[in-house]
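Here's query.pdb, which has PDB, C-alpha atoms:
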ATOM      1  CA  MET R   1      63.768  -7.490 -59.180
ATOM      2  CA  ILE R   2      61.656  -8.695 -56.245
ATOM      3  CA  THR R   3      59.912  -6.349 -53.833
ATOM      4  CA  THR R   4      58.563  -7.664 -50.513
ATOM      5  CA  ALA R   5      55.539  -6.133 -48.787
ATOM      6  CA  THR R   6      54.637  -7.070 -45.201
ATOM      7  CA  HIS R   7      51.253  -5.927 -43.908
ATOM      8  CA  VAL R   8      50.329  -6.596 -40.252
ATOM      9  CA  THR R   9      46.896  -5.786 -38.810
ATOM     10  CA  THR R  10      46.278  -6.330 -35.084
ATOM     11  CA  TYR R  11      42.984  -6.046 -33.205
ATOM     12  CA  LEU R  12      43.186  -5.665 -29.409
ATOM     13  CA  TYR R  13      39.854  -6.151 -27.629
ATOM     14  CA  GLY R  14      38.818  -4.945 -24.191
ATOM     15  CA  SER R  15      37.057  -8.238 -23.454
ATOM     16  CA  PRO R  16      37.015 -11.666 -25.103
ATOM     17  CA  VAL R  17      35.509 -12.066 -28.566
ATOM     18  CA  ALA R  18      33.410 -15.220 -28.778
ATOM     19  CA  VAL R  19      33.196 -15.431 -32.583
ATOM     20  CA  CYS R  20      34.588 -13.307 -35.420
ATOM     21  CA  GLN R  21      34.025 -13.434 -39.158
ATOM     22  CA  THR R  22      36.559 -11.581 -41.280
ATOM     23  CA  GLN R  23      37.321 -10.924 -44.949
ATOM     24  CA  VAL R  24      40.682  -9.702 -46.254
ATOM     25  CA  HIS R  25      41.848  -8.311 -49.596
ATOM     26  CA  LEU R  26      45.602  -8.655 -49.145
ATOM     27  CA  ALA R  27      46.815 -10.829 -52.037
ATOM     28  CA  PRO R  28      48.383  -8.830 -54.920
ATOM     29  CA  ARG R  29      46.968  -9.163 -58.434
ATOM     30  CA  SER R  30      48.965 -10.605 -61.292
ATOM     31  CA  SER R  31      49.098  -8.512 -64.460
ATOM     32  CA  PRO R  32      51.461  -7.687 -67.314
ATOM     33  CA  GLN R  33      52.937  -5.023 -65.029
ATOM     34  CA  GLN R  34      53.602  -7.276 -62.036
ATOM     35  CA  ARG R  35      54.196 -10.947 -61.320
ATOM     36  CA  VAL R  36      53.247 -12.356 -57.935
ATOM     37  CA  VAL R  37      56.126 -14.534 -56.796
ATOM     38  CA  SER R  38      54.559 -15.587 -53.493
ATOM     39  CA  HIS R  39      51.873 -14.625 -51.013
ATOM     40  CA  GLU R  40      51.525 -15.889 -47.449
ATOM     41  CA  LEU R  41      48.711 -15.169 -45.016
ATOM     42  CA  GLU R  42      49.136 -15.924 -41.314
ATOM     43  CA  ILE R  43      46.156 -15.594 -38.945
ATOM     44  CA  ARG R  44      46.382 -15.855 -35.169
ATOM     45  CA  PRO R  45      44.432 -17.418 -33.484
ATOM     46  CA  GLU R  46      44.084 -20.102 -36.112
ATOM     47  CA  PRO R  47      40.694 -19.955 -37.861
ATOM     48  CA  ALA R  48      38.144 -22.730 -37.543
ATOM     49  CA  PHE R  49      37.201 -22.091 -41.177
ATOM     50  CA  GLN R  50      39.081 -20.415 -44.018
ATOM     51  CA  VAL R  51      38.499 -20.159 -47.766
ATOM     52  CA  THR R  52      40.098 -18.147 -50.596
ATOM     53  CA  ARG R  53      38.174 -17.105 -53.687
ATOM     54  CA  GLU R  54      37.929 -14.402 -56.360
ATOM     55  CA  ASP R  55      35.476 -11.547 -56.032
ATOM     56  CA  TYR R  56      33.397  -9.937 -58.788
ATOM     57  CA  PHE R  57      36.348  -7.825 -59.976
ATOM     58  CA  GLY R  58      38.802 -10.735 -60.089
ATOM     59  CA  ASN R  59      40.576  -9.833 -56.844
ATOM     60  CA  GLU R  60      41.625 -12.685 -54.585
ATOM     61  CA  PHE R  61      40.090 -12.484 -51.120
ATOM     62  CA  THR R  62      40.144 -14.735 -48.063
ATOM     63  CA  TYR R  63      37.257 -15.254 -45.663
ATOM     64  CA  PHE R  64      37.814 -16.817 -42.259
ATOM     65  CA  SER R  65      35.997 -17.324 -38.957
ATOM     66  CA  ILE R  66      37.372 -17.917 -35.463
ATOM     67  CA  HIS R  67      35.167 -19.718 -32.960
ATOM     68  CA  GLU R  68      37.363 -19.685 -29.844
ATOM     69  CA  PRO R  69      37.439 -16.819 -27.311
ATOM     70  CA  HIS R  70      40.245 -14.362 -28.006
ATOM     71  CA  GLN R  71      41.275 -10.816 -27.120
ATOM     72  CA  THR R  72      43.867 -10.378 -29.862
ATOM     73  CA  LEU R  73      43.564 -11.012 -33.595
ATOM     74  CA  THR R  74      46.616 -10.644 -35.820
ATOM     75  CA  VAL R  75      46.562 -10.920 -39.607
ATOM     76  CA  THR R  76      49.955 -10.918 -41.316
ATOM     77  CA  SER R  77      50.328 -10.791 -45.095
ATOM     78  CA  ILE R  78      53.730 -11.239 -46.760
ATOM     79  CA  SER R  79      53.873 -10.768 -50.523
ATOM     80  CA  GLN R  80      56.751 -10.922 -52.976
ATOM     81  CA  VAL R  81      56.140  -9.198 -56.286
ATOM     82  CA  GLU R  82      58.262  -8.679 -59.384
ATOM     83  CA  LEU R  83      57.403  -5.404 -61.096
ATOM     84  CA  HIS R  84      57.483  -4.984 -64.877
ATOM     85  CA  PRO R  85      56.559  -1.311 -65.321
ATOM     86  CA  GLU R  86      55.508  -0.029 -68.715
ATOM     87  CA  GLU R  87      56.021   3.502 -69.954
ATOM     88  CA  PRO R  88      52.647   5.272 -70.125
ATOM     89  CA  PRO R  89      51.538   6.559 -73.510
ATOM     90  CA  HIS R  90      52.207  10.142 -74.476
ATOM     91  CA  GLU R  91      49.171  12.109 -73.347
ATOM     92  CA  GLY R  92      48.723  13.727 -76.746
ATOM     93  CA  LEU R  93      48.261  10.355 -78.439
ATOM     94  CA  THR R  94      45.186   9.455 -76.387
ATOM     95  CA  PRO R  95      41.708  10.312 -77.718
ATOM     96  CA  ALA R  96      39.812  13.410 -76.686
ATOM     97  CA  TRP R  97      37.943  12.832 -73.447
ATOM     98  CA  GLU R  98      34.577  13.388 -75.177
ATOM     99  CA  MET R  99      35.404  10.662 -77.686
ATOM    100  CA  ALA R 100      36.506   8.347 -74.901
ATOM    101  CA  ARG R 101      33.268   8.992 -73.025
ATOM    102  CA  ALA R 102      31.169   8.304 -76.106
ATOM    103  CA  GLU R 103      32.983   5.035 -76.811
ATOM    104  CA  ILE R 104      32.613   3.889 -73.204
ATOM    105  CA  HIS R 105      28.882   4.574 -73.097
ATOM    106  CA  GLU R 106      28.332   2.954 -76.482
ATOM    107  CA  GLY R 107      29.869  -0.228 -75.036
ATOM    108  CA  ALA R 108      30.474  -1.774 -78.449
ATOM    109  CA  THR R 109      33.360  -3.953 -77.225
ATOM    110  CA  GLU R 110      33.599  -6.246 -74.208
ATOM    111  CA  GLU R 111      36.281  -4.000 -72.674
ATOM    112  CA  THR R 112      34.268  -0.795 -72.996
ATOM    113  CA  PHE R 113      31.126  -2.598 -71.818
ATOM    114  CA  HIS R 114      32.866  -3.613 -68.572
ATOM    115  CA  ALA R 115      34.513  -0.194 -68.217
ATOM    116  CA  ARG R 116      31.102   1.458 -68.264
ATOM    117  CA  GLU R 117      30.181   0.106 -64.822
ATOM    118  CA  PHE R 118      32.891   2.363 -63.380
ATOM    119  CA  THR R 119      31.118   5.525 -64.596
ATOM    120  CA  TYR R 120      28.366   5.402 -61.960
ATOM    121  CA  ARG R 121      28.152   6.477 -58.337
ATOM    122  CA  SER R 122      29.182   3.876 -55.755
ATOM    123  CA  PRO R 123      28.862   3.545 -51.960
ATOM    124  CA  LEU R 124      31.771   5.909 -51.170
ATOM    125  CA  VAL R 125      31.872   7.944 -54.396
ATOM    126  CA  LYS R 126      28.877  10.217 -54.802
ATOM    127  CA  LEU R 127      28.599  12.505 -57.809
ATOM    128  CA  GLY R 128      27.562  16.136 -57.753
ATOM    129  CA  GLU R 129      27.693  19.445 -59.562
ATOM    130  CA  GLU R 130      30.400  20.795 -57.247
ATOM    131  CA  LEU R 131      32.738  17.987 -58.331
ATOM    132  CA  ALA R 132      32.169  18.729 -62.012
ATOM    133  CA  VAL R 133      32.805  22.418 -61.318
ATOM    134  CA  TYR R 134      36.115  21.661 -59.598
ATOM    135  CA  ALA R 135      37.222  19.279 -62.372
ATOM    136  CA  GLY R 136      35.968  21.555 -65.154
ATOM    137  CA  PRO R 137      39.210  23.502 -65.846
ATOM    138  CA  SER R 138      40.979  20.203 -66.615
ATOM    139  CA  PHE R 139      38.388  19.092 -69.176
ATOM    140  CA  ILE R 140      38.787  21.621 -71.953
ATOM    141  CA  ALA R 141      36.862  20.682 -75.088
ATOM    142  CA  GLY R 142      38.861  18.321 -77.296
ATOM    143  CA  ARG R 143      41.621  17.735 -74.752
ATOM    144  CA  PRO R 144      43.219  14.257 -74.823
ATOM    145  CA  ILE R 145      41.864  12.177 -71.953
ATOM    146  CA  ALA R 146      45.274  11.351 -70.456
ATOM    147  CA  GLU R 147      46.262  15.024 -70.580
ATOM    148  CA  ALA R 148      43.024  16.025 -68.834
ATOM    149  CA  ALA R 149      43.497  13.323 -66.166
ATOM    150  CA  TRP R 150      47.108  14.396 -65.620
ATOM    151  CA  ASP R 151      46.022  17.992 -65.150
ATOM    152  CA  LEU R 152      43.363  16.939 -62.637
ATOM    153  CA  CYS R 153      45.954  14.823 -60.780
ATOM    154  CA  HIS R 154      48.345  17.807 -60.624
ATOM    155  CA  ARG R 155      45.613  20.106 -59.309
ATOM    156  CA  ILE R 156      44.530  17.723 -56.537
ATOM    157  CA  PHE R 157      48.151  17.342 -55.481
ATOM    158  CA  ARG R 158      48.592  21.109 -55.443
ATOM    159  CA  ASP R 159      45.240  22.096 -53.898
ATOM    160  CA  PHE R 160      44.896  19.494 -51.119
ATOM    161  CA  ARG R 161      46.931  18.837 -47.994
ATOM    162  CA  TYR R 162      47.786  15.355 -46.732
ATOM    163  CA  ASP R 163      46.393  15.226 -43.178
ATOM    164  CA  PRO R 164      45.728  11.825 -41.519
ATOM    165  CA  ARG R 165      43.647  13.490 -38.772
ATOM    166  CA  ALA R 166      41.289  15.351 -41.083
ATOM    167  CA  THR R 167      39.066  12.480 -42.262
ATOM    168  CA  THR R 168      37.858   8.931 -41.723
ATOM    169  CA  ILE R 169      37.084   6.433 -44.449
ATOM    170  CA  SER R 170      33.399   7.425 -44.177
ATOM    171  CA  THR R 171      34.042  11.142 -44.799
ATOM    172  CA  PRO R 172      32.009  12.113 -47.907
ATOM    173  CA  VAL R 173      33.885  13.253 -51.007
ATOM    174  CA  ASN R 174      32.133  16.630 -51.002
ATOM    175  CA  GLU R 175      33.424  17.308 -47.470
ATOM    176  CA  VAL R 176      36.965  16.481 -48.611
ATOM    177  CA  LEU R 177      36.459  18.912 -51.488
ATOM    178  CA  LYS R 178      35.439  21.657 -49.044
ATOM    179  CA  SER R 179      38.126  21.050 -46.416
ATOM    180  CA  ARG R 180      40.933  20.461 -48.939
ATOM    181  CA  ARG R 181      42.484  17.894 -46.563
ATOM    182  CA  GLY R 182      42.639  14.130 -46.360
ATOM    183  CA  VAL R 183      44.690  11.025 -47.085
ATOM    184  CA  CYS R 184      45.367   8.861 -50.126
ATOM    185  CA  GLN R 185      41.955   7.141 -50.002
ATOM    186  CA  ASP R 186      40.243  10.545 -49.978
ATOM    187  CA  PHE R 187      42.267  11.876 -52.894
ATOM    188  CA  ALA R 188      41.687   8.704 -54.911
ATOM    189  CA  HIS R 189      37.930   8.932 -54.231
ATOM    190  CA  LEU R 190      37.947  12.628 -55.131
ATOM    191  CA  MET R 191      39.690  12.081 -58.458
ATOM    192  CA  ILE R 192      37.373   9.173 -59.255
ATOM    193  CA  ALA R 193      34.317  11.309 -58.457
ATOM    194  CA  CYS R 194      35.598  14.110 -60.678
ATOM    195  CA  LEU R 195      36.210  11.746 -63.596
ATOM    196  CA  ARG R 196      32.832  10.033 -63.213
ATOM    197  CA  SER R 197      31.145  13.441 -63.058
ATOM    198  CA  PHE R 198      32.221  13.822 -66.700
ATOM    199  CA  GLY R 199      30.925  10.362 -67.616
ATOM    200  CA  LEU R 200      34.371   8.741 -67.636
ATOM    201  CA  SER R 201      35.337   5.343 -66.223
ATOM    202  CA  ALA R 202      37.451   5.504 -63.089
ATOM    203  CA  ARG R 203      38.232   2.781 -60.567
ATOM    204  CA  TYR R 204      39.837   2.634 -57.113
ATOM    205  CA  VAL R 205      43.161   0.821 -56.723
ATOM    206  CA  SER R 206      44.551  -0.404 -53.406
ATOM    207  CA  GLY R 207      48.134  -1.460 -52.882
ATOM    208  CA  TYR R 208      51.459  -0.469 -51.434
ATOM    209  CA  LEU R 209      53.953   2.274 -52.078
ATOM    210  CA  ARG R 210      57.660   1.708 -51.716
ATOM    211  CA  SER R 211      59.118   4.267 -49.318
ATOM    212  CA  GLY R 212      61.162   7.145 -50.620
ATOM    213  CA  LYS R 213      62.175  10.557 -49.378
ATOM    214  CA  ASP R 214      59.340  12.204 -51.337
ATOM    215  CA  SER R 215      56.709   9.443 -51.066
ATOM    216  CA  ILE R 216      53.484  10.183 -49.180
ATOM    217  CA  GLY R 217      51.408   7.298 -47.831
ATOM    218  CA  ALA R 218      54.113   4.623 -47.717
ATOM    219  CA  GLU R 219      53.555   3.904 -44.020
ATOM    220  CA  ALA R 220      50.236   2.095 -44.606
ATOM    221  CA  SER R 221      48.084   0.670 -47.359
ATOM    222  CA  HIS R 222      48.145   3.075 -50.275
ATOM    223  CA  ALA R 223      45.453   4.028 -52.783
ATOM    224  CA  TRP R 224      45.306   5.633 -56.203
ATOM    225  CA  CYS R 225      42.965   5.501 -59.190
ATOM    226  CA  SER R 226      42.786   4.385 -62.813
ATOM    227  CA  VAL R 227      40.976   5.980 -65.740
ATOM    228  CA  TYR R 228      39.907   3.960 -68.749
ATOM    229  CA  CYS R 229      41.303   5.146 -72.076
ATOM    230  CA  PRO R 230      39.988   3.406 -75.216
ATOM    231  CA  SER R 231      42.795   1.793 -77.276
ATOM    232  CA  PHE R 232      45.222   2.179 -74.347
ATOM    233  CA  GLY R 233      43.421   0.477 -71.471
ATOM    234  CA  TRP R 234      43.503   1.559 -67.830
ATOM    235  CA  LEU R 235      45.961   4.322 -66.922
ATOM    236  CA  ASP R 236      46.976   4.776 -63.273
ATOM    237  CA  PHE R 237      47.252   8.135 -61.496
ATOM    238  CA  ASP R 238      48.354   8.774 -57.906
ATOM    239  CA  PRO R 239      47.097  12.246 -56.897
ATOM    240  CA  THR R 240      48.660  11.921 -53.426
ATOM    241  CA  ASN R 241      52.146  11.873 -54.956
ATOM    242  CA  ASP R 242      51.415  13.443 -58.359
ATOM    243  CA  VAL R 243      52.757  10.490 -60.344
ATOM    244  CA  MET R 244      51.635   7.829 -62.783
ATOM    245  CA  PRO R 245      52.456   4.644 -60.801
ATOM    246  CA  GLN R 246      55.211   2.513 -62.280
ATOM    247  CA  HIS R 247      58.303   1.507 -60.320
ATOM    248  CA  ASN R 248      57.187   2.028 -56.689
ATOM    249  CA  HIS R 249      53.526   0.973 -56.611
ATOM    250  CA  LEU R 250      52.381  -2.610 -55.930
ATOM    251  CA  THR R 251      48.772  -3.282 -56.899
ATOM    252  CA  VAL R 252      46.697  -5.459 -54.568
ATOM    253  CA  ALA R 253      43.108  -5.008 -55.754
ATOM    254  CA  TYR R 254      40.732  -2.711 -57.577
ATOM    255  CA  GLY R 255      37.023  -1.938 -57.411
ATOM    256  CA  ARG R 256      34.499   0.886 -57.500
ATOM    257  CA  ASP R 257      35.822   2.384 -54.255
ATOM    258  CA  TYR R 258      37.435   1.462 -50.938
ATOM    259  CA  SER R 259      34.399  -0.504 -49.790
ATOM    260  CA  ASP R 260      35.001  -3.104 -52.515
ATOM    261  CA  VAL R 261      38.624  -3.773 -51.548
ATOM    262  CA  THR R 262      38.934  -3.019 -47.814
ATOM    263  CA  PRO R 263      42.166  -4.738 -46.690
ATOM    264  CA  VAL R 264      40.619  -6.205 -43.501
ATOM    265  CA  SER R 265      36.939  -6.063 -42.520
ATOM    266  CA  GLY R 266      34.520  -8.146 -40.506
ATOM    267  CA  VAL R 267      32.250  -8.524 -37.502
ATOM    268  CA  ALA R 268      32.851  -9.815 -33.986
ATOM    269  CA  ILE R 269      30.555 -10.978 -31.197
ATOM    270  CA  GLY R 270      31.756  -9.478 -27.924
ATOM    271  CA  GLY R 271      35.088  -7.758 -27.491
ATOM    272  CA  GLY R 272      33.922  -4.423 -26.068
ATOM    273  CA  GLU R 273      36.195  -1.549 -27.036
ATOM    274  CA  GLN R 274      38.843  -2.345 -29.607
ATOM    275  CA  MET R 275      42.108  -0.853 -30.771
ATOM    276  CA  ILE R 276      43.421  -1.501 -34.283
ATOM    277  CA  THR R 277      47.046  -1.123 -35.303
ATOM    278  CA  VAL R 278      48.332  -1.460 -38.858
ATOM    279  CA  SER R 279      51.929  -1.569 -40.026
ATOM    280  CA  VAL R 280      53.217  -1.860 -43.578
ATOM    281  CA  GLU R 281      56.795  -2.396 -44.657
ATOM    282  CA  VAL R 282      57.803  -2.473 -48.317
ATOM    283  CA  LEU R 283      61.388  -3.579 -48.776
ATOM    284  CA  PRO R 284      63.398  -2.467 -51.805
ATOM    285  CA  PRO R 285      64.247  -4.997 -54.517
ATOM    286  CA  THR R 286      66.795  -7.573 -53.380
ATOM    287  CA  GLY R 287      67.529  -9.363 -56.651
ATOM    288  CA  ASP R 288      65.997 -11.969 -58.899
ATOM    289  CA  ILE R 289      64.297 -15.031 -57.445
ATOM    290  CA  SER R 290      63.934 -18.127 -59.525
ATOM    291  CA  VAL R 291      60.635 -19.915 -59.149
ATOM    292  CA  ALA R 292      60.206 -23.503 -60.297
ATOM    293  CA  GLY R 293      57.404 -24.089 -62.783
TER     294      GLY R 293
END
Can you give me the file's structure in the form of structure tokens?
Amino acid sequence: MITTATHVTTYLYGSPVAVCQTQVHLAPRSSPQQRVVSHELEIRPEPAFQVTREDYFGNEFTYFSIHEPHQTLTVTSISQVELHPEEPPHEGLTPAWEMARAEIHEGATEETFHAREFTYRSPLVKLGEELAVYAGPSFIAGRPIAEAAWDLCHRIFRDFRYDPRATTISTPVNEVLKSRRGVCQDFAHLMIACLRSFGLSARYVSGYLRSGKDSIGAEASHAWCSVYCPSFGWLDFDPTNDVMPQHNHLTVAYGRDYSDVTPVSGVAIGGGEQMITVSVEVLPPTGDISVAG
């Protein structure tokens, strides 16, 4: 079944922008869990230069520059994705978190070697004793890693309140921990920081969430996290909604934190004050689409 995600970002400037240079991470990833049927990117005004490449983490990104004066910039992304969700493993079958940590830091395989780079601090995920203290009750000695991660996910969902006015993307994780408020990016960063504080591999995932009566964060880009589990791979957790993403989450990109996969970012010469509006619509599956080739 095909799900369609439409993401529109509009910049309104108080005075003309002479030149802008912009990078977007808006193209969904292909994986065993999802097949990208199509992806279209429309930019207005039309760029003078545009190129699409893969970043360090294998995410597709597009860079463009506009050289004509403009007071409005609109970036529209339309993606069609076919989801193939897999049932997550039973938590009790996963290795103890201490064993997982040891295997990751040993780096004996290519997969664990690459997973290790997600154990360190990153620009928006700082580590600290207070994070380890908060996460501590979830990491009982000998507990299976997926069970510990699930417990941490449940606790963040229970202990923190979704509040779009409480933070900005630059709000430090330790402030989110103190205020107990934030949005999906904050909760993803918090869970990642807690996992990394115990030496585990955790990465940031950006994407979309299909709307539902109990879904939080479906009105914009959504974020969750993944923890690396030896022998099972990366397991996704959404602490904002207290779920392991399967049927309603569309993955766009992943990295160390939000700064690696910001949906739209750039610089502009001129423009004065600016107002940014973002709208996301994720339509429910409409049926199978046959694609030639």
| said: One number please: CA of Ile66 in chain R to CA of His39 in chain R, in Å, one decimal. | reply: 21.5 Å
| task | Give the answer as one residue: which of R:Asn241, R:Thr52, R:Ser221, R:Ser15 has the shortest atom-to-atom distance to Arg158 in chain R, using all atoms listed in the file? | result |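 That would be R:Asn241, the residue with the smallest distance to Arg158 in chain R.
The space separating CA of Arg181 in chain R from CA of Ala193 in chain R comes to 15.9 Å.
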| task | Apply the PyMOL selection byres ((chain R and resi 65) around 12) to the file shown and report the selected residues as an NGL selection string. | result | :R and (17-24 or 43-51 or 62-64 or 66-69 or 73 or 265-269)
| In Å to one decimal, how far is CA of Ile145 in chain R from CA of Gly233 in chain R? |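 Atom-to-atom, CA of Gly233 in chain R and CA of Ile145 in chain R are spaced 11.8 Å apart.
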| How would you write, as a list in words, the residues chosen by the PyMOL selection byres ((chain R and resi 85) around 8) on this structure? | Gln33, Gln34, Leu83, His84, Glu86, Glu87, Gln246 and His247 of chain R
| task | Using the chain letters and numbers from the file, give me the residues hit by the PyMOL selection byres ((chain R and resi 146) around 10), as a list in words. | result |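 Evaluating the PyMOL selection byres ((chain R and resi 146) around 10) on this file yields Pro88, Pro89, His90, Glu91, Gly92, Leu93, Thr94, Pro95, Ala96, Trp97, Arg143, Pro144, Ile145, Glu147, Ala148, Ala149, Trp150, Asp151, Leu152, Val227, Tyr228, Cys229, Phe232, Leu235, Asp236 and Phe237 of chain R.
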| message | Restricting the calculation to all atoms listed in the file: of R:Ile78, R:Ser30, R:Leu250, R:Gly14, which residue gets closest to Gly272 in chain R? | response |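 Under the stated criterion, the closest residue is R:Gly14.
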| said: I'd like to know which of R:Val133, R:Phe160, R:Val280, R:Cys194 is closest to Ser179 in chain R, using only C-alpha atoms. | reply: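 Of R:Val133, R:Phe160, R:Val280, R:Cys194, the one nearest Ser179 in chain R is R:Phe160, counting only C-alpha atoms.
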Because some atoms of range 199-210 of chain R are absent here, can you restore N, CA and C atoms and send them as a compact mmCIF listing (two decimals), keeping the file's coordinate frame?
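What follows is the written file selection.txt:
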# COMPACT_ATOMS: atom_id res chain seq x y z
N GLY R 199 31.35 11.55 -66.89
CA GLY R 199 30.92 10.36 -67.62
C GLY R 199 32.06 9.42 -67.97
N LEU R 200 33.21 9.58 -67.33
CA LEU R 200 34.37 8.74 -67.64
C LEU R 200 34.47 7.58 -66.65
N SER R 201 35.16 6.53 -67.07
CA SER R 201 35.34 5.34 -66.22
C SER R 201 36.56 5.51 -65.34
N ALA R 202 36.34 5.39 -64.03
CA ALA R 202 37.45 5.50 -63.09
C ALA R 202 37.26 4.48 -61.98
N ARG R 203 38.32 3.79 -61.62
CA ARG R 203 38.23 2.78 -60.57
C ARG R 203 39.27 3.05 -59.47
N TYR R 204 39.00 2.49 -58.31
CA TYR R 204 39.84 2.63 -57.11
C TYR R 204 40.85 1.50 -57.08
N VAL R 205 42.10 1.82 -56.79
CA VAL R 205 43.16 0.82 -56.72
C VAL R 205 43.79 0.85 -55.34
N SER R 206 43.87 -0.30 -54.70
CA SER R 206 44.55 -0.40 -53.41
C SER R 206 45.87 -1.14 -53.60
N GLY R 207 46.84 -0.81 -52.77
CA GLY R 207 48.13 -1.46 -52.88
C GLY R 207 49.12 -0.90 -51.90
N TYR R 208 50.38 -0.94 -52.29
CA TYR R 208 51.46 -0.47 -51.43
C TYR R 208 52.38 0.45 -52.23
N LEU R 209 53.02 1.33 -51.49
CA LEU R 209 53.95 2.27 -52.08
C LEU R 209 55.31 2.09 -51.42
N ARG R 210 56.31 1.86 -52.24
CA ARG R 210 57.66 1.71 -51.72
C ARG R 210 58.14 3.05 -51.17
